[in-house]
Amino acid sequence: MLLHVRTLAASCAACHGTDGNSVGSSINNHATATQNDLSHINSLAAIDKTDFISKMQAFKLGQRPATVMHHHAKGLTNLEIEDLAEYFSRLPAHQAAVLQSQPLLKDHGH
Amino acid sequence: MVINRRDFVKLSGLGLGLGSLSLPAFARANKPPMGRVVVIGGGYAGACVAKYLRIWSMGSIEVVVVEASQQFVSCPLSNLVLGGSKSINDLSFSYDLLKTNHGIQWVHDQVTAIDVSTKKISMLRGELSYDRLVIAPGIDFIYDDLPMLASTEAQQQVPHAWKAGWQTVNLRKQLEAMPDGGVFVMNVPKAPYRCPPGPYERAAQVAYYLKNNKPKSKVIVLDANAEIISKKGLFSKVFNELYTGIVDYRPNNTIIDVNLKAKTVKTEFDSVYADVLNIIPSQRAGKVAQMAKLNNIDKRWCEVDFLSYESKLAPNVHVIGDAVSAALPKSAHMATNQAKVCASAIVQLMAGLAPDAMPVFANTCYSYVTDKAAIHVANVYRYDAVKKIMVSAEGGGVSASPSEQEGLYAKAWAQNIWADTLT
């Protein structure tokens with residue numbers, strides 16, 4: 001079961017960051033968006049289990065306004081939502097850094 | 001912890017190698033080496049599988065990545081370079097953090113041969129043996145129907161810009177040099193191809209630039225498909241309402257000939273003149289997959305077991321990313337999902353255990369329709385034990401309409417997937 005939820009949780013990283021720590025998002029910024037552009041996506045690490053489940057269920061049932069998350073919540077089973085809650089609640093929160101870009105190298109192949 | 005070839009040869013007999021130094025002591029303790037995985041390709045799929053193999057094996061699998069480029073250049077967001085709101089330098093990244101954070105051994109070389117019977121790969125400057133091989137080759141272009149575009153010179157004039165890099169920069173320069181009133185002609189290849197909504201996003205980005213800078217100009221989109229194949233309602237609306245009179249979308253228009261001198265393209269119906277021409281050729285699994293003869297589906301894509309991404313043709317060889325044959329979108333997020341399922345399965349298999357029998361993952365794919373507004377398609381995909389494929393779960397869908405809110409989400413998506421893949 002851990003394997004199953006670990007891969008599923010890792011899938012959330014594209015938006016919510018590796019191990020649920022979204023880059024640019026303040027630590028424990030689970031609920032409110034703040035000043036910078038990147039803080040619009042919440043971190044999930046160390047999230048409150050009950051809070052996660054109630055939000056995901058609300059997304060799933062169409063009771064919470066959403067742009068994207070209802071499309072994900074509806075595809076998950078109740079058990080998966082509970083397992084994700086447990087999994088993310090146990091991950092430590094930390095400040096994840098934005099990866100700095102660099103100039104395209106002259107000899108890049110294409 | 002960048003290592004050169006000589007160091008690498010010294011290390012290669014040591015099992016754990018340098019990698020374990022970056023791990024906490026508890027992870028190293030009591031973990032005998034489990035063998036070596038060689039990963040060919042350092043795109044979204046390859047970089048991600050390397051990282052998660054190291055993390056989930058707690059450093060006990062030795063991972064060697066072979067990649068021909070020195071740098072990672074992101075295809076996602078590269079259409080914004082054409083629109084003018086991003087530079088290619090915003091999308092180019094070093095592999096250094098990925099290597100050092102996870103103790104991944106890295107060989108900057110080009111693969112020349114793969115021998116699955118002896119479990120060896122040959123490169124221009126050496127050889128490597130593996131216990132398991134992961135091929136993440138991306139895509140290769142098919143020029144059989146348009147052989148005049150195969151040369152580097154031809155692509156200077158008609159870039160595909162479908163692998164982000166100098167061709168993207170070239171196409172942007174051509175667009176900037178085009179006079180007001182000019183015609184930008186692009187195509188959409190017959191599906192499946194890398195990034196289903198990508199060509200439509202490109203049309204919108206070019207139109208965004210033209211609307212604001214050269215409003216008398218046009219974008220003609222020649223689509224080989226019968227209709228817009230991703231986010232159809234949204235893109236139709238964007239073309240018709242946001243870019244009225246600029247985007248001229250033509251379905252069922254396969255390009256059958258290109259005259260480079262006259263700057264015209266021929267479809268079955270028409271001959272179209274282009275001031276700037278952008279042709280995205282048909283695609284198949286990248287060259288490394290072809291080398292190993294793994295592209296058995298339509299001679300284009302690779303058939304895999306969706307529990308492990310092991311090839312159906314070669315044991316101990318896994319294929320991930322755009323090269324995989326699956327009725328799923330060939331997106332960066334999907335590539336990283338496949339990489340994670342594959343990494344998890346390899347760690348299990350190398351420990352003599354069974355992989356997760358019911359993988360589930362999510363895909364979110366954003367397209368920018370202006371410099372700030374974006375739209376999405378999102379789905380959960382679930383393994384179907386009867387059909388033995390990944391199928392989309394209930395409840396997926398697209399944006400209600402383009403919004404700047406989603407533009408911010410798209411930006412955060414990019415920053416997070418880059419950090420997840422490359423650090």
# chains A, B, ... in the order shown; residues from 1 in each chain; ligands from 1
>>> interface_residues(of="chain B", to="chain A", cutoff="6 Å", atoms="only C-alpha atoms", output="ChimeraX atom specification")
/B:89-90,92-93,165-166,337,356,360-362,378,380,393-397,412-413,416-417,419-420
>>> write_last_selection(atoms="C-alpha atoms", output="short mmCIF file (atom, residue, chain, number, x, y, z; two decimals), in the first residue's frame")
data_model
loop_
_atom_site.label_atom_id
_atom_site.label_comp_id
_atom_site.auth_asym_id
_atom_site.auth_seq_id
_atom_site.Cartn_x
_atom_site.Cartn_y
_atom_site.Cartn_z
CA ASN B 89 17.52 31.21 -21.26
CA ASP B 90 14.60 30.97 -18.83
CA SER B 92 17.68 26.04 -19.90
CA PHE B 93 19.08 24.27 -16.84
CA GLY B 165 16.75 24.94 -28.18
CA TRP B 166 18.32 26.89 -31.03
CA ASN B 337 4.77 9.77 -13.86
CA ASP B 356 2.63 -2.10 -7.26
CA VAL B 360 -2.46 5.47 -10.37
CA PHE B 361 -1.17 8.88 -11.38
CA ALA B 362 -2.36 12.31 -12.41
CA ALA B 378 -6.30 17.27 -16.18
CA VAL B 380 -6.20 10.79 -13.23
CA ALA B 393 -10.47 7.75 -14.47
CA GLU B 394 -13.82 9.48 -14.10
CA GLY B 395 -13.91 13.18 -13.51
CA GLY B 396 -11.11 14.58 -15.67
CA GLY B 397 -11.62 17.62 -17.83
CA ALA B 412 4.08 27.20 -10.62
CA TRP B 413 3.66 23.88 -12.44
CA ASN B 416 7.80 22.66 -9.52
CA ILE B 417 8.28 20.08 -12.26
CA ALA B 419 12.74 21.37 -9.41
CA ASP B 420 11.26 17.87 -9.07
#
>>> select_by_dssp(residues="segment 128-232 of chain B", states="alpha helix (DSSP H)", output="PyMOL selection string")
chain B and resi 152-157+166-177+198-213+232
>>> write_last_selection(atoms="N, CA, C and O atoms", output="short mmCIF file (atom, residue, chain, number, x, y, z; two decimals), in the first residue's frame")
data_model
loop_
_atom_site.label_atom_id
_atom_site.label_comp_id
_atom_site.auth_asym_id
_atom_site.auth_seq_id
_atom_site.Cartn_x
_atom_site.Cartn_y
_atom_site.Cartn_z
N THR B 152 20.19 19.78 -41.99
CA THR B 152 20.38 20.89 -41.06
C THR B 152 20.13 22.23 -41.76
O THR B 152 19.52 23.13 -41.18
N GLU B 153 20.58 22.32 -43.03
CA GLU B 153 20.39 23.58 -43.79
C GLU B 153 18.90 23.86 -43.98
O GLU B 153 18.44 24.98 -43.79
N ALA B 154 18.16 22.82 -44.36
CA ALA B 154 16.72 23.00 -44.57
C ALA B 154 16.04 23.43 -43.27
O ALA B 154 15.14 24.28 -43.27
N GLN B 155 16.51 22.88 -42.15
CA GLN B 155 15.88 23.22 -40.86
C GLN B 155 16.30 24.60 -40.35
O GLN B 155 15.67 25.15 -39.45
N GLN B 156 17.36 25.16 -40.93
CA GLN B 156 17.68 26.57 -40.67
C GLN B 156 16.56 27.43 -41.23
O GLN B 156 16.14 28.39 -40.62
N GLN B 157 16.10 27.05 -42.42
CA GLN B 157 15.04 27.82 -43.07
C GLN B 157 13.66 27.45 -42.52
O GLN B 157 12.83 28.33 -42.29
N TRP B 166 18.00 25.85 -30.04
CA TRP B 166 18.32 26.89 -31.03
C TRP B 166 17.28 27.01 -32.12
O TRP B 166 17.09 28.07 -32.69
N GLN B 167 16.60 25.90 -32.42
CA GLN B 167 15.53 26.01 -33.43
C GLN B 167 14.39 26.91 -32.93
O GLN B 167 13.77 27.62 -33.71
N THR B 168 14.15 26.86 -31.63
CA THR B 168 13.12 27.74 -31.05
C THR B 168 13.54 29.20 -31.22
O THR B 168 12.74 30.06 -31.60
N VAL B 169 14.83 29.46 -30.93
CA VAL B 169 15.37 30.82 -31.05
C VAL B 169 15.31 31.29 -32.51
O VAL B 169 14.90 32.41 -32.81
N ASN B 170 15.68 30.38 -33.40
CA ASN B 170 15.65 30.68 -34.84
C ASN B 170 14.24 31.07 -35.29
O ASN B 170 14.03 32.09 -35.97
N LEU B 171 13.26 30.27 -34.86
CA LEU B 171 11.88 30.53 -35.30
C LEU B 171 11.38 31.88 -34.77
O LEU B 171 10.71 32.64 -35.47
N ARG B 172 11.74 32.18 -33.53
CA ARG B 172 11.38 33.48 -32.95
C ARG B 172 12.01 34.62 -33.76
O ARG B 172 11.35 35.64 -34.05
N LYS B 173 13.27 34.46 -34.15
CA LYS B 173 13.94 35.50 -34.94
C LYS B 173 13.26 35.70 -36.29
O LYS B 173 13.09 36.83 -36.75
N GLN B 174 12.86 34.60 -36.91
CA GLN B 174 12.16 34.70 -38.20
C GLN B 174 10.83 35.44 -38.03
O GLN B 174 10.44 36.24 -38.88
N LEU B 175 10.16 35.15 -36.93
CA LEU B 175 8.88 35.80 -36.65
C LEU B 175 9.09 37.31 -36.42
O LEU B 175 8.31 38.14 -36.92
N GLU B 176 10.15 37.64 -35.70
CA GLU B 176 10.45 39.06 -35.45
C GLU B 176 10.80 39.80 -36.73
O GLU B 176 10.51 40.99 -36.89
N ALA B 177 11.45 39.07 -37.66
CA ALA B 177 11.89 39.71 -38.91
C ALA B 177 10.76 39.79 -39.94
O ALA B 177 10.87 40.51 -40.94
N GLY B 198 0.27 21.12 -27.88
CA GLY B 198 1.39 22.00 -28.19
C GLY B 198 1.28 22.82 -29.47
O GLY B 198 1.52 24.03 -29.46
N PRO B 199 0.92 22.20 -30.58
CA PRO B 199 0.83 22.99 -31.82
C PRO B 199 -0.24 24.08 -31.74
O PRO B 199 -0.06 25.18 -32.30
N TYR B 200 -1.34 23.79 -31.05
CA TYR B 200 -2.42 24.79 -30.94
C TYR B 200 -1.99 25.92 -30.01
O TYR B 200 -2.32 27.09 -30.24
N GLU B 201 -1.26 25.56 -28.96
CA GLU B 201 -0.70 26.59 -28.08
C GLU B 201 0.27 27.46 -28.89
O GLU B 201 0.29 28.69 -28.76
N ARG B 202 1.07 26.81 -29.73
CA ARG B 202 2.01 27.57 -30.57
C ARG B 202 1.28 28.55 -31.46
O ARG B 202 1.67 29.71 -31.58
N ALA B 203 0.20 28.09 -32.10
CA ALA B 203 -0.58 28.98 -32.98
C ALA B 203 -1.07 30.18 -32.17
O ALA B 203 -1.01 31.33 -32.65
N ALA B 204 -1.54 29.92 -30.94
CA ALA B 204 -2.03 31.01 -30.10
C ALA B 204 -0.90 31.97 -29.72
O ALA B 204 -1.09 33.19 -29.71
N GLN B 205 0.27 31.45 -29.41
CA GLN B 205 1.40 32.30 -29.03
C GLN B 205 1.88 33.15 -30.19
O GLN B 205 2.18 34.33 -30.02
N VAL B 206 1.95 32.56 -31.37
CA VAL B 206 2.34 33.34 -32.56
C VAL B 206 1.28 34.42 -32.81
O VAL B 206 1.61 35.58 -33.08
N ALA B 207 0.02 34.04 -32.69
CA ALA B 207 -1.08 35.00 -32.91
C ALA B 207 -1.02 36.12 -31.87
O ALA B 207 -1.27 37.29 -32.19
N TYR B 208 -0.68 35.77 -30.64
CA TYR B 208 -0.56 36.78 -29.58
C TYR B 208 0.50 37.82 -29.96
O TYR B 208 0.28 39.03 -29.84
N TYR B 209 1.64 37.33 -30.43
CA TYR B 209 2.71 38.24 -30.85
C TYR B 209 2.26 39.11 -32.02
O TYR B 209 2.46 40.33 -32.03
N LEU B 210 1.63 38.48 -33.00
CA LEU B 210 1.22 39.22 -34.20
C LEU B 210 0.14 40.25 -33.87
O LEU B 210 0.20 41.40 -34.34
N LYS B 211 -0.81 39.86 -33.07
CA LYS B 211 -1.91 40.77 -32.70
C LYS B 211 -1.36 42.06 -32.09
O LYS B 211 -1.86 43.15 -32.36
N ASN B 212 -0.33 41.91 -31.26
CA ASN B 212 0.22 43.06 -30.55
C ASN B 212 1.30 43.81 -31.32
O ASN B 212 1.62 44.95 -30.98
N ASN B 213 1.87 43.16 -32.32
CA ASN B 213 3.00 43.78 -33.02
C ASN B 213 2.81 43.93 -34.52
O ASN B 213 3.32 44.88 -35.10
N LYS B 232 -10.21 21.10 -27.48
CA LYS B 232 -10.78 21.58 -28.74
C LYS B 232 -11.67 22.82 -28.58
O LYS B 232 -11.48 23.83 -29.27
#
>>> residues_around(residues="Tyr273 of chain B", least_positions_apart="3", cutoff="8 Å", atoms="only C-alpha atoms", output="MDAnalysis selection string")
chainID B and resid 183 185 262:265
>>> residues_around(residues="Ser54 of chain A", least_positions_apart="3", cutoff="10 Å", atoms="only C-alpha atoms", output="PyMOL selection string")
chain A and resi 49-51+57-60+64+81-82+85
>>> atom_distance(atom1="atom CA of His376 of chain B", atom2="atom CA of Gly407 of chain B")
9.5 Å
>>> residues_around(residues="Asp48 of chain A", least_positions_apart="5", cutoff="9 Å", atoms="only C-alpha atoms", output="list in words")
His30, Ile53, Ala85, Glu86, Phe88 and Ser89 of chain A
>>> closest_residue(among="B:Met390, B:Ala414, B:Ile104, B:Ile114", to="Ala332 of chain B", atoms="only C-alpha atoms")
B:Ala414
>>> select_by_dssp(residues="segment 77-258 of chain B", states="strand (DSSP E)", output="MDAnalysis selection string")
chainID B and resid 92:94 105:108 111:115 120:123 126:129 132:135 139:142 183:188 218:223 247:250 255:258
>>> write_last_selection(atoms="N, CA and C atoms", output="short mmCIF file (atom, residue, chain, number, x, y, z; two decimals), in the first residue's frame")
data_model
loop_
_atom_site.label_atom_id
_atom_site.label_comp_id
_atom_site.auth_asym_id
_atom_site.auth_seq_id
_atom_site.Cartn_x
_atom_site.Cartn_y
_atom_site.Cartn_z
N SER B 92 16.49 26.88 -19.78
CA SER B 92 17.68 26.04 -19.90
C SER B 92 18.29 25.84 -18.52
N PHE B 93 18.64 24.60 -18.20
CA PHE B 93 19.08 24.27 -16.84
C PHE B 93 20.29 23.33 -16.86
N SER B 94 21.07 23.45 -15.81
CA SER B 94 22.20 22.55 -15.58
C SER B 94 21.70 21.26 -14.93
N GLN B 105 25.69 9.03 -11.20
CA GLN B 105 26.87 9.09 -12.07
C GLN B 105 26.42 9.51 -13.46
N TRP B 106 27.24 10.30 -14.10
CA TRP B 106 26.78 10.95 -15.33
C TRP B 106 27.82 10.79 -16.42
N VAL B 107 27.41 10.32 -17.56
CA VAL B 107 28.33 10.18 -18.69
C VAL B 107 27.79 11.04 -19.84
N HIS B 108 28.60 12.02 -20.23
CA HIS B 108 28.22 12.88 -21.34
C HIS B 108 28.72 12.24 -22.62
N VAL B 111 25.10 7.26 -27.28
CA VAL B 111 25.01 5.80 -27.38
C VAL B 111 25.06 5.39 -28.85
N THR B 112 25.87 4.37 -29.14
CA THR B 112 26.00 3.91 -30.53
C THR B 112 25.43 2.51 -30.74
N ALA B 113 25.36 1.72 -29.67
CA ALA B 113 24.81 0.36 -29.82
C ALA B 113 24.32 -0.14 -28.47
N ILE B 114 23.32 -1.02 -28.54
CA ILE B 114 22.79 -1.64 -27.32
C ILE B 114 22.73 -3.14 -27.57
N ASP B 115 23.33 -3.91 -26.68
CA ASP B 115 23.26 -5.36 -26.80
C ASP B 115 22.49 -5.90 -25.60
N LYS B 120 24.88 -4.81 -22.36
CA LYS B 120 25.93 -3.80 -22.53
C LYS B 120 25.48 -2.72 -23.49
N ILE B 121 25.91 -1.48 -23.21
CA ILE B 121 25.71 -0.45 -24.21
C ILE B 121 27.07 0.10 -24.63
N SER B 122 27.16 0.49 -25.91
CA SER B 122 28.39 1.12 -26.41
C SER B 122 28.12 2.58 -26.67
N MET B 123 29.12 3.39 -26.37
CA MET B 123 29.03 4.82 -26.62
C MET B 123 30.20 5.22 -27.52
N GLY B 126 33.26 4.71 -25.06
CA GLY B 126 33.36 3.67 -24.04
C GLY B 126 32.19 2.72 -24.02
N GLU B 127 32.14 1.90 -23.00
CA GLU B 127 31.11 0.88 -22.85
C GLU B 127 30.60 0.87 -21.42
N LEU B 128 29.40 0.42 -21.24
CA LEU B 128 28.86 0.27 -19.88
C LEU B 128 28.05 -1.01 -19.83
N SER B 129 28.12 -1.72 -18.71
CA SER B 129 27.23 -2.86 -18.55
C SER B 129 26.18 -2.48 -17.50
N ARG B 132 19.92 -3.46 -15.12
CA ARG B 132 18.71 -3.06 -15.82
C ARG B 132 18.99 -1.77 -16.58
N LEU B 133 18.33 -1.66 -17.73
CA LEU B 133 18.53 -0.50 -18.59
C LEU B 133 17.21 0.26 -18.70
N VAL B 134 17.25 1.58 -18.56
CA VAL B 134 16.06 2.40 -18.81
C VAL B 134 16.35 3.28 -20.01
N ILE B 135 15.50 3.16 -21.03
CA ILE B 135 15.67 3.99 -22.22
C ILE B 135 14.60 5.07 -22.20
N ILE B 139 11.72 11.67 -28.69
CA ILE B 139 11.19 11.42 -30.04
C ILE B 139 12.26 11.59 -31.11
N ASP B 140 11.97 10.97 -32.25
CA ASP B 140 12.78 11.12 -33.46
C ASP B 140 11.81 11.56 -34.56
N PHE B 141 12.28 12.42 -35.46
CA PHE B 141 11.39 12.90 -36.53
C PHE B 141 11.45 11.98 -37.75
N ILE B 142 10.31 11.83 -38.40
CA ILE B 142 10.22 11.00 -39.60
C ILE B 142 10.16 11.92 -40.82
N VAL B 183 2.69 36.11 -43.56
CA VAL B 183 1.95 34.88 -43.25
C VAL B 183 2.88 33.86 -42.59
N PHE B 184 2.50 33.45 -41.38
CA PHE B 184 3.21 32.40 -40.66
C PHE B 184 2.42 31.12 -40.90
N VAL B 185 3.08 30.13 -41.50
CA VAL B 185 2.39 28.86 -41.75
C VAL B 185 3.00 27.77 -40.89
N MET B 186 2.14 27.05 -40.19
CA MET B 186 2.60 25.92 -39.38
C MET B 186 1.66 24.74 -39.57
N ASN B 187 2.12 23.58 -39.11
CA ASN B 187 1.27 22.40 -39.26
C ASN B 187 1.07 21.70 -37.92
N VAL B 188 0.12 20.79 -37.92
CA VAL B 188 -0.04 19.85 -36.81
C VAL B 188 0.11 18.47 -37.43
N LYS B 218 -0.96 36.98 -40.39
CA LYS B 218 -1.83 35.81 -40.23
C LYS B 218 -1.03 34.59 -39.80
N VAL B 219 -1.71 33.69 -39.10
CA VAL B 219 -1.18 32.36 -38.82
C VAL B 219 -2.07 31.35 -39.52
N ILE B 220 -1.52 30.60 -40.46
CA ILE B 220 -2.29 29.53 -41.07
C ILE B 220 -1.86 28.21 -40.43
N VAL B 221 -2.84 27.49 -39.88
CA VAL B 221 -2.55 26.22 -39.21
C VAL B 221 -3.07 25.08 -40.08
N LEU B 222 -2.15 24.29 -40.63
CA LEU B 222 -2.53 23.15 -41.46
C LEU B 222 -2.51 21.89 -40.59
N ASP B 223 -3.69 21.42 -40.24
CA ASP B 223 -3.80 20.29 -39.31
C ASP B 223 -4.06 19.00 -40.08
N VAL B 247 -5.81 33.92 -36.79
CA VAL B 247 -5.62 32.47 -36.94
C VAL B 247 -6.58 31.92 -38.00
N ASP B 248 -6.00 31.28 -38.98
CA ASP B 248 -6.78 30.61 -40.02
C ASP B 248 -6.53 29.12 -39.86
N TYR B 249 -7.47 28.43 -39.19
CA TYR B 249 -7.29 27.02 -38.85
C TYR B 249 -7.93 26.13 -39.92
N ARG B 250 -7.13 25.19 -40.45
CA ARG B 250 -7.63 24.33 -41.53
C ARG B 250 -7.43 22.85 -41.19
N ILE B 255 0.37 18.17 -45.13
CA ILE B 255 1.35 18.74 -46.05
C ILE B 255 1.97 17.60 -46.86
N ILE B 256 1.92 17.70 -48.18
CA ILE B 256 2.48 16.62 -49.00
C ILE B 256 3.75 17.04 -49.73
N ASP B 257 4.01 18.34 -49.79
CA ASP B 257 5.24 18.78 -50.45
C ASP B 257 5.63 20.16 -49.93
N VAL B 258 6.93 20.43 -49.96
CA VAL B 258 7.44 21.75 -49.55
C VAL B 258 8.41 22.23 -50.60
#
>>> residues_around(residues="segment 343-349 of chain B", least_positions_apart="5", cutoff="12 Å", atoms="only C-alpha atoms", output="PyMOL selection string")
(chain A and resi 2-8+10) or (chain B and resi 33-39+45-63+131-134+305-310+316-320+336-338+354-359)
